[in-house]
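Down below is the structure, laid out as structure tokens.
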Amino acid sequence: MMESRQEVVYASENLLVRQRPSHRPDLLVVTFDHYGITGRFDRPGFAEDFLASRGISVLTFLGRGNDWYQYPDMRDALAAARTVAAGRRRVMTYGSSMGGYAAIRFADALGAQACLALSPQYSLDPRKVPFERRWGDDANRIAWRPELDGTIRCAADPVIVYDPASSDGAHVRLIEADIACRGIALPYTAHPATTFLQSIGALAGLIGDMLDGTFDLAAAARSLDAPRKNDPIYLSELARRQPAWRPRLGVALAQRAADRSPGTDLLLHILASKLAAAGRYAEALPAHARARRLSGDIPCYALPHAHTLAQSGDLAGALALARQLAARHPGDAHIHHFLSHMLWRTKQRRKAVAVAKQAFRLSPHDPFFRSVLNQYRWSRLRLRARWAMRFADSLREQLRRAAVTPPDRWVSWYRR
């Protein structure tokens, strides 16, 4: 019978490391949060419930924010976790995306013999990965610590599952330049590969094989690739990658994916986006709304909904939704940028400049937000100059007319 108690191993304002033992104390999986599920410590860690329900002991790292674990006390947390991992027959680190980054980089510090990283980054430091355009606000905000983000050292021979057709492929090539690892490349399975593996029901088997030491790379690659081209995640990613000049194919692929898994928010979101790109707003808007409901109204689905409202001509609806999102996510520069754009389009230019200034303050290192703010400021100056010129022209015309045709009282006085 699985033990459900949780034990705090390390706690600070930055990190919480928590243990959840099971009836198999000889095996331990150490997991790390992925992007977007951080910020609070009163919740399950990444894959904690999934692993515990299968009788696997879990040690999970929960971070304060989306900081790629660049905390001054990260080494202290790793040292505390290693005392728990010591003496186990097999220790495996496991993470997805940001968590995959941590699973590789901190495996040695934990004494791990195995590592499973799904769609990991090599780094997010712009100096090391200038090709990376995702998470730009975070990349520029984070103080990258050389003792945590330097050259990778990992003796655990990580297994990396990733989509080589995305920028994840470039990250994996950098990882391979530092360490020996085993990659399973699955084109058009999107980021993170976790979603695809769950979709085909392969995740539990993959973790089990790696944990008990029976993992076979060639067999795993074949078994994961076989169902790929019929999977809705694959179809939706193919749809997402279709260029603008192939809108019908994009919609058809996205529709096939959504029909195969009708209750999946990601698939509905991609379908809505492709319908909007094809100008089919009447169909896109309900799909956007349903994706938002299914996801719990996460901003990466709500903001495209607002974009589609604006494209369809409903500027008032887009502005109202943008205001709601900005109130709910006051630290998101992209949402504030969109709100400023909608304010500008609805002629509320002074407010637009103020909100654009807030977006720039939230992400001062991003040249895009600076350029938008400057553009709004210059546009307002040009408008003011144009109004001033029109006023001057009008005044000159009034004076000219007054000189040619004197007022009646002047004419009456002259005739006396």
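Identifiers for the structure tokens are assigned positionally: chains receive A, B, ... in sequence, residues are indexed from 1 per chain, and ligands are indexed from 1 in the order shown.
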
So that I can check the surroundings of region 44-57 of chain A, please list as an NGL selection string every protein, DNA and RNA residue that reaches within 6 Å of it, counting only C-alpha atoms and ignoring chain neighbours fewer than 3 positions away. :A and (2 or 20-22 or 28 or 33 or 60)

Spatial neighbours of Pro232 (chain A), 8 Å, only C-alpha atoms, chain gap at least 4 places, as a PDB file with N, CA and C atoms, in the first residue's frame:
```
ATOM      1  N   SER A 199      -0.585  11.486 -24.695  1.00  0.00           N
ATOM      2  CA  SER A 199      -1.631  11.243 -25.676  1.00  0.00           C
ATOM      3  C   SER A 199      -1.599   9.805 -26.192  1.00  0.00           C
ATOM      4  N   SER A 236      -2.249  18.322 -34.880  1.00  0.00           N
ATOM      5  CA  SER A 236      -2.444  19.731 -34.521  1.00  0.00           C
ATOM      6  C   SER A 236      -1.155  20.528 -34.692  1.00  0.00           C
ATOM      7  N   ARG A 256      -9.294  17.709 -37.875  1.00  0.00           N
ATOM      8  CA  ARG A 256      -9.099  16.265 -37.668  1.00  0.00           C
ATOM      9  C   ARG A 256      -8.578  15.986 -36.262  1.00  0.00           C
ATOM     10  N   ALA A 257      -7.620  16.796 -35.823  1.00  0.00           N
ATOM     11  CA  ALA A 257      -7.054  16.607 -34.485  1.00  0.00           C
ATOM     12  C   ALA A 257      -8.110  16.826 -33.411  1.00  0.00           C
ATOM     13  N   ALA A 258      -8.883  17.907 -33.532  1.00  0.00           N
ATOM     14  CA  ALA A 258      -9.903  18.219 -32.526  1.00  0.00           C
ATOM     15  C   ALA A 258     -11.008  17.171 -32.509  1.00  0.00           C
ATOM     16  N   ARG A 260     -10.659  14.033 -33.061  1.00  0.00           N
ATOM     17  CA  ARG A 260     -10.157  12.803 -32.434  1.00  0.00           C
ATOM     18  C   ARG A 260     -10.075  12.913 -30.915  1.00  0.00           C
ATOM     19  N   SER A 261      -9.980  14.138 -30.424  1.00  0.00           N
ATOM     20  CA  SER A 261      -9.938  14.335 -28.967  1.00  0.00           C
ATOM     21  C   SER A 261     -10.704  15.612 -28.640  1.00  0.00           C
ATOM     22  N   LEU A 267      -5.988  21.374 -28.502  1.00  0.00           N
ATOM     23  CA  LEU A 267      -6.431  21.118 -29.873  1.00  0.00           C
ATOM     24  C   LEU A 267      -7.492  22.130 -30.303  1.00  0.00           C
TER      25      LEU A 267
END
```

How would you write, as a VMD selection string, the set of residues in region 194-404 of chain A that DSSP gives as alpha helix (DSSP H)? chain A and resid 194 to 199 203 to 212 217 to 225 232 to 240 247 to 260 265 to 277 281 to 295 299 to 311 315 to 328 333 to 345 349 to 362 367 to 404

Top pick for closest residue to Ile142 (chain A), considering A:Ala277, A:Leu315, A:Leu124, A:Ala177 and counting only C-alpha atoms: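 The closest residue to Ile142 (chain A) is A:Leu124.
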
Length of the CA of Ala202 (chain A) to CA of Ala103 (chain A) vector [Å]: 19.7 Å

Exercise: Arg222 (chain A) partners within 12 Å, only C-alpha atoms, chain neighbours under 3 positions left out, as a list in words: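 Close residues of Arg222 (chain A): Ile184, Ala185, Leu186, Ala202, Asp216, Leu217, Ala218, Ala219, Asp225, Ala226, Pro227 and Arg228 of chain A.
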